$ cat input_38.cif   # mmCIF, C-alpha atoms, pLDDT in the B column; chains and numbers go by the auth columns
data_final
#
loop_
_atom_site.group_PDB
_atom_site.id
_atom_site.type_symbol
_atom_site.label_atom_id
_atom_site.label_comp_id
_atom_site.label_asym_id
_atom_site.label_seq_id
_atom_site.Cartn_x
_atom_site.Cartn_y
_atom_site.Cartn_z
_atom_site.B_iso_or_equiv
_atom_site.auth_seq_id
_atom_site.auth_asym_id
ATOM 1 C CA MET A 1 -18.090 -12.350 -8.547 45.00 23 A
ATOM 2 C CA PRO A 2 -14.588 -11.677 -9.963 48.00 24 A
ATOM 3 C CA SER A 3 -11.745 -13.994 -9.033 45.00 25 A
ATOM 4 C CA ALA A 4 -9.248 -12.990 -6.352 44.00 26 A
ATOM 5 C CA ALA A 5 -6.511 -12.673 -8.986 44.00 27 A
ATOM 6 C CA ALA A 6 -8.661 -10.291 -11.033 46.00 28 A
ATOM 7 C CA LEU A 7 -9.412 -8.173 -7.982 43.00 29 A
ATOM 8 C CA PHE A 8 -5.780 -7.971 -6.907 47.00 30 A
ATOM 9 C CA SER A 9 -4.462 -7.104 -10.351 49.00 31 A
ATOM 10 C CA GLY A 10 -7.003 -4.329 -10.767 47.00 32 A
ATOM 11 C CA ALA A 11 -8.593 -6.149 -13.718 44.00 33 A
ATOM 12 C CA ALA A 12 -12.050 -5.534 -12.258 44.00 34 A
ATOM 13 C CA ARG A 13 -13.742 -2.348 -13.430 52.00 35 A
ATOM 14 C CA ALA A 14 -12.613 0.502 -11.212 59.00 36 A
ATOM 15 C CA GLY A 15 -15.113 2.812 -9.539 75.00 37 A
ATOM 16 C CA GLU A 16 -14.707 6.507 -8.930 87.00 38 A
ATOM 17 C CA ILE A 17 -13.819 6.487 -5.218 91.00 39 A
ATOM 18 C CA GLY A 18 -10.531 5.172 -3.852 91.00 40 A
ATOM 19 C CA ALA A 19 -9.249 4.794 -0.308 92.00 41 A
ATOM 20 C CA ILE A 20 -5.618 4.756 0.767 91.00 42 A
ATOM 21 C CA ASP A 21 -4.143 3.501 4.004 90.00 43 A
ATOM 22 C CA ALA A 22 -0.936 2.003 5.358 87.00 44 A
ATOM 23 C CA THR A 23 -0.243 -0.873 7.694 86.00 45 A
ATOM 24 C CA TYR A 24 2.855 -2.488 9.153 83.00 46 A
ATOM 25 C CA PHE A 25 3.853 -6.137 8.996 79.00 47 A
ATOM 26 C CA ASP A 26 6.253 -7.540 11.561 75.00 48 A
ATOM 27 C CA ARG A 27 9.055 -9.627 10.073 67.00 49 A
ATOM 28 C CA SER A 28 10.588 -10.964 13.277 65.00 50 A
ATOM 29 C CA ARG A 29 10.014 -14.637 12.411 66.00 51 A
ATOM 30 C CA ALA A 30 13.626 -15.103 11.289 68.00 52 A
ATOM 31 C CA SER A 31 15.845 -16.883 13.787 73.00 53 A
ATOM 32 C CA ARG A 32 18.565 -14.970 15.634 73.00 54 A
ATOM 33 C CA HIS A 33 21.186 -17.251 14.122 79.00 55 A
ATOM 34 C CA TYR A 34 20.005 -16.427 10.575 77.00 56 A
ATOM 35 C CA CYS A 35 19.896 -12.700 11.347 75.00 57 A
ATOM 36 C CA ARG A 36 23.455 -12.694 12.705 79.00 58 A
ATOM 37 C CA ARG A 37 24.814 -14.894 9.921 83.00 59 A
ATOM 38 C CA THR A 38 23.305 -12.815 7.079 82.00 60 A
ATOM 39 C CA ASN A 39 23.480 -9.403 8.760 78.00 61 A
ATOM 40 C CA TYR A 40 19.697 -9.241 8.418 73.00 62 A
ATOM 41 C CA CYS A 41 18.202 -6.270 10.235 70.00 63 A
ATOM 42 C CA VAL A 42 14.793 -5.530 8.653 65.00 64 A
ATOM 43 C CA GLN A 43 12.142 -6.028 11.304 69.00 65 A
ATOM 44 C CA THR A 44 9.086 -4.222 9.879 78.00 66 A
ATOM 45 C CA THR A 45 7.644 -3.709 6.409 82.00 67 A
ATOM 46 C CA LYS A 46 5.275 -0.827 5.713 86.00 68 A
ATOM 47 C CA VAL A 47 2.618 -1.492 3.082 88.00 69 A
ATOM 48 C CA THR A 48 0.486 1.308 1.643 90.00 70 A
ATOM 49 C CA LYS A 49 -2.509 0.177 -0.386 92.00 71 A
ATOM 50 C CA LEU A 50 -4.931 1.951 -2.691 92.00 72 A
ATOM 51 C CA VAL A 51 -8.348 0.267 -2.786 92.00 73 A
ATOM 52 C CA ASP A 52 -11.361 0.849 -5.036 90.00 74 A
ATOM 53 C CA THR A 53 -14.268 1.290 -2.619 90.00 75 A
ATOM 54 C CA ASP A 54 -16.910 -0.001 -5.059 89.00 76 A
ATOM 55 C CA THR A 55 -15.306 -3.358 -5.877 89.00 77 A
ATOM 56 C CA GLN A 56 -12.891 -3.668 -2.927 89.00 78 A
ATOM 57 C CA ALA A 57 -10.169 -4.286 -5.521 90.00 79 A
ATOM 58 C CA ILE A 58 -6.598 -3.444 -4.539 90.00 80 A
ATOM 59 C CA LEU A 59 -5.496 -1.049 -7.262 90.00 81 A
ATOM 60 C CA ASP A 60 -1.919 -0.540 -6.097 91.00 82 A
ATOM 61 C CA LEU A 61 0.546 -1.447 -3.349 91.00 83 A
ATOM 62 C CA HIS A 62 3.642 0.368 -2.158 89.00 84 A
ATOM 63 C CA CYS A 63 6.012 -1.578 0.106 87.00 85 A
ATOM 64 C CA THR A 64 8.979 -0.136 1.963 85.00 86 A
ATOM 65 C CA THR A 65 11.423 -1.203 4.642 79.00 87 A
ATOM 66 C CA THR A 66 12.981 2.232 5.094 75.00 88 A
ATOM 67 C CA TRP A 67 11.487 5.101 7.045 68.00 89 A
ATOM 68 C CA GLU A 68 12.513 7.837 4.601 70.00 90 A
ATOM 69 C CA GLY A 69 9.804 10.236 3.455 67.00 91 A
ATOM 70 C CA ASN A 70 6.294 10.401 4.797 78.00 92 A
ATOM 71 C CA ASP A 71 2.837 9.045 4.042 80.00 93 A
ATOM 72 C CA ALA A 72 1.842 12.148 2.074 82.00 94 A
ATOM 73 C CA GLU A 73 4.634 11.549 -0.466 85.00 95 A
ATOM 74 C CA ILE A 74 3.568 7.938 -1.033 86.00 96 A
ATOM 75 C CA CYS A 75 -0.078 9.034 -1.290 86.00 97 A
ATOM 76 C CA ASP A 76 0.909 11.639 -3.905 87.00 98 A
ATOM 77 C CA GLN A 77 2.719 8.956 -5.959 88.00 99 A
ATOM 78 C CA LEU A 78 -0.242 6.585 -5.932 88.00 100 A
ATOM 79 C CA ALA A 79 -2.782 9.352 -6.580 86.00 101 A
ATOM 80 C CA ARG A 80 -0.877 10.606 -9.640 88.00 102 A
ATOM 81 C CA LYS A 81 -0.500 7.079 -10.985 89.00 103 A
ATOM 82 C CA HIS A 82 -4.287 6.479 -10.799 87.00 104 A
ATOM 83 C CA ALA A 83 -5.512 10.028 -11.504 85.00 105 A
ATOM 84 C CA GLY A 84 -7.375 8.964 -14.658 86.00 106 A
ATOM 85 C CA GLU A 85 -9.251 6.163 -12.897 84.00 107 A
ATOM 86 C CA LEU A 86 -10.422 7.825 -9.678 86.00 108 A
ATOM 87 C CA ARG A 87 -12.399 11.006 -9.076 88.00 109 A
ATOM 88 C CA VAL A 88 -12.218 10.956 -5.253 89.00 110 A
ATOM 89 C CA LEU A 89 -9.402 9.739 -3.023 87.00 111 A
ATOM 90 C CA THR A 90 -10.062 9.298 0.689 88.00 112 A
ATOM 91 C CA ALA A 91 -7.417 8.952 3.392 85.00 113 A
ATOM 92 C CA ASP A 92 -7.042 9.516 7.110 82.00 114 A
ATOM 93 C CA LYS A 93 -5.619 12.697 8.644 76.00 115 A
ATOM 94 C CA GLY A 94 -2.014 11.442 8.499 69.00 116 A
ATOM 95 C CA TYR A 95 -1.916 12.031 4.739 69.00 117 A
ATOM 96 C CA ASP A 96 -2.614 15.783 4.820 66.00 118 A
ATOM 97 C CA CYS A 97 0.808 16.886 6.100 59.00 119 A
ATOM 98 C CA ASN A 98 2.199 18.029 2.734 53.00 120 A
#
$ encode --input "input_38.cif" --output "structure tokens"
Amino acid sequence: MPSAAALFSGAARAGEIGAIDATYFDRSRASRHYCRRTNYCVQTTKVTKLVDTDTQAILDLHCTTTWEGNDAEICDQLARKHAGELRVLTADKGYDCN
């Protein structure tokens, strides 16, 4: 079994089918005092990941704290970047709004 570092870096041999999905991470652990003192206002981070379905390796990550654009644009970026590696890209219905 490949190491976790090899899987995350995409060093494992990629299959032909990829899956893309996004999730949100709450960043509200910072204290109110710190937020006021540093003018810190980011509360949520959106992470979009592209995963090889054969090896479960994370091929790519896209992180954002802004809400500009949509999921289809991020999906297009990641799909073009890995076009030579994957033959099929699966996603949920939210990615077909181009």
$ axis_aligned_box --input "input_38.cif" --around "range 62-77 of chain A" --padding-each-side "6 Å" --output "lines of an AutoDock Vina configuration file"
center_x = 1.4
center_y = -3.6
center_z = 2.7
size_x = 48.6
size_y = 23.2
size_z = 29.2
$ closest_residue --input "input_38.cif" --among "A:Glu90, A:Cys85, A:Phe47, A:Cys57" --to "Leu72 in chain A" --atoms "all atoms listed in the file"
A:Cys85
$ atom_distance --input "input_38.cif" --atom1 "CA of Leu108 in chain A" --atom2 "CA of Thr87 in chain A"
27.6 Å
$ resolve_selection --input "input_38.cif" --expression "the PyMOL selection byres ((chain A and resi 92-104) around 12)" --output "PyMOL selection string"
chain A and resi 32+36-45+68-74+80-86+88-91+105-120
$ decode --input "input_38.cif" --residues "range 37-118 of chain A" --atoms "C-alpha atoms" --output "CSV table (one decimal), in the first residue's frame"
chain,number,residue,atom,x,y,z
A,37,GLY,CA,-6.4,5.6,-12.9
A,38,GLU,CA,-8.8,6.7,-15.7
A,39,ILE,CA,-11.7,7.8,-13.6
A,40,GLY,CA,-11.7,10.9,-11.4
A,41,ALA,CA,-14.3,12.4,-9.1
A,42,ILE,CA,-14.6,16.1,-8.1
A,43,ASP,CA,-16.4,17.6,-5.1
A,44,ALA,CA,-16.2,20.5,-2.8
A,45,THR,CA,-16.6,20.9,0.9
A,46,TYR,CA,-16.5,23.8,3.4
A,47,PHE,CA,-14.4,24.1,6.5
A,48,ASP,CA,-15.4,26.4,9.3
A,49,ARG,CA,-12.6,28.6,10.6
A,50,SER,CA,-14.4,30.2,13.6
A,51,ARG,CA,-11.9,28.9,16.1
A,52,ALA,CA,-10.1,32.2,16.3
A,53,SER,CA,-10.9,34.3,19.4
A,54,ARG,CA,-13.0,37.5,19.0
A,55,HIS,CA,-10.1,39.5,20.4
A,56,TYR,CA,-7.8,38.2,17.7
A,57,CYS,CA,-10.3,38.8,15.0
A,58,ARG,CA,-10.9,42.4,16.1
A,59,ARG,CA,-7.2,43.1,16.6
A,60,THR,CA,-6.1,41.8,13.2
A,61,ASN,CA,-9.2,42.7,11.3
A,62,TYR,CA,-9.7,39.0,10.5
A,63,CYS,CA,-13.0,38.2,8.8
A,64,VAL,CA,-12.6,34.9,7.0
A,65,GLN,CA,-15.0,32.4,8.5
A,66,THR,CA,-15.2,29.6,5.9
A,67,THR,CA,-12.8,28.0,3.5
A,68,LYS,CA,-14.1,26.2,0.4
A,69,VAL,CA,-11.9,23.2,-0.7
A,70,THR,CA,-12.5,21.5,-4.0
A,71,LYS,CA,-10.7,18.2,-4.5
A,72,LEU,CA,-10.1,16.0,-7.5
A,73,VAL,CA,-9.7,12.3,-6.5
A,74,ASP,CA,-8.6,9.3,-8.5
A,75,THR,CA,-11.3,6.7,-7.9
A,76,ASP,CA,-9.1,3.7,-8.4
A,77,THR,CA,-6.4,4.6,-5.8
A,78,GLN,CA,-8.3,7.1,-3.7
A,79,ALA,CA,-5.4,9.5,-4.3
A,80,ILE,CA,-6.0,13.2,-4.1
A,81,LEU,CA,-4.8,14.5,-7.4
A,82,ASP,CA,-5.4,18.2,-6.9
A,83,LEU,CA,-6.9,20.7,-4.4
A,84,HIS,CA,-8.3,24.1,-4.9
A,85,CYS,CA,-8.8,26.3,-1.8
A,86,THR,CA,-10.6,29.6,-1.7
A,87,THR,CA,-12.0,32.0,0.9
A,88,THR,CA,-13.8,34.2,-1.6
A,89,TRP,CA,-17.2,33.4,-3.2
A,90,GLU,CA,-16.4,34.7,-6.6
A,91,GLY,CA,-17.1,32.4,-9.6
A,92,ASN,CA,-18.9,29.1,-9.4
A,93,ASP,CA,-18.1,25.4,-9.0
A,94,ALA,CA,-18.2,24.8,-12.8
A,95,GLU,CA,-15.3,27.2,-13.3
A,96,ILE,CA,-13.1,25.5,-10.7
A,97,CYS,CA,-14.1,22.1,-12.1
A,98,ASP,CA,-13.1,23.3,-15.6
A,99,GLN,CA,-9.7,24.4,-14.3
A,100,LEU,CA,-9.0,21.1,-12.6
A,101,ALA,CA,-10.2,19.1,-15.5
A,102,ARG,CA,-8.0,20.9,-18.0
A,103,LYS,CA,-5.0,20.5,-15.7
A,104,HIS,CA,-5.5,16.7,-15.5
A,105,ALA,CA,-6.9,16.1,-19.0
A,106,GLY,CA,-4.0,13.8,-20.0
A,107,GLU,CA,-4.4,11.6,-16.9
A,108,LEU,CA,-8.1,11.0,-16.7
A,109,ARG,CA,-10.6,9.7,-19.3
A,110,VAL,CA,-13.7,10.2,-17.2
A,111,LEU,CA,-14.5,12.9,-14.7
A,112,THR,CA,-17.5,12.5,-12.4
A,113,ALA,CA,-19.2,15.3,-10.4
A,114,ASP,CA,-22.6,16.1,-8.8
A,115,LYS,CA,-25.3,18.1,-10.5
A,116,GLY,CA,-23.9,21.4,-9.2
A,117,TYR,CA,-21.0,21.3,-11.7
A,118,ASP,CA,-23.1,21.3,-14.8
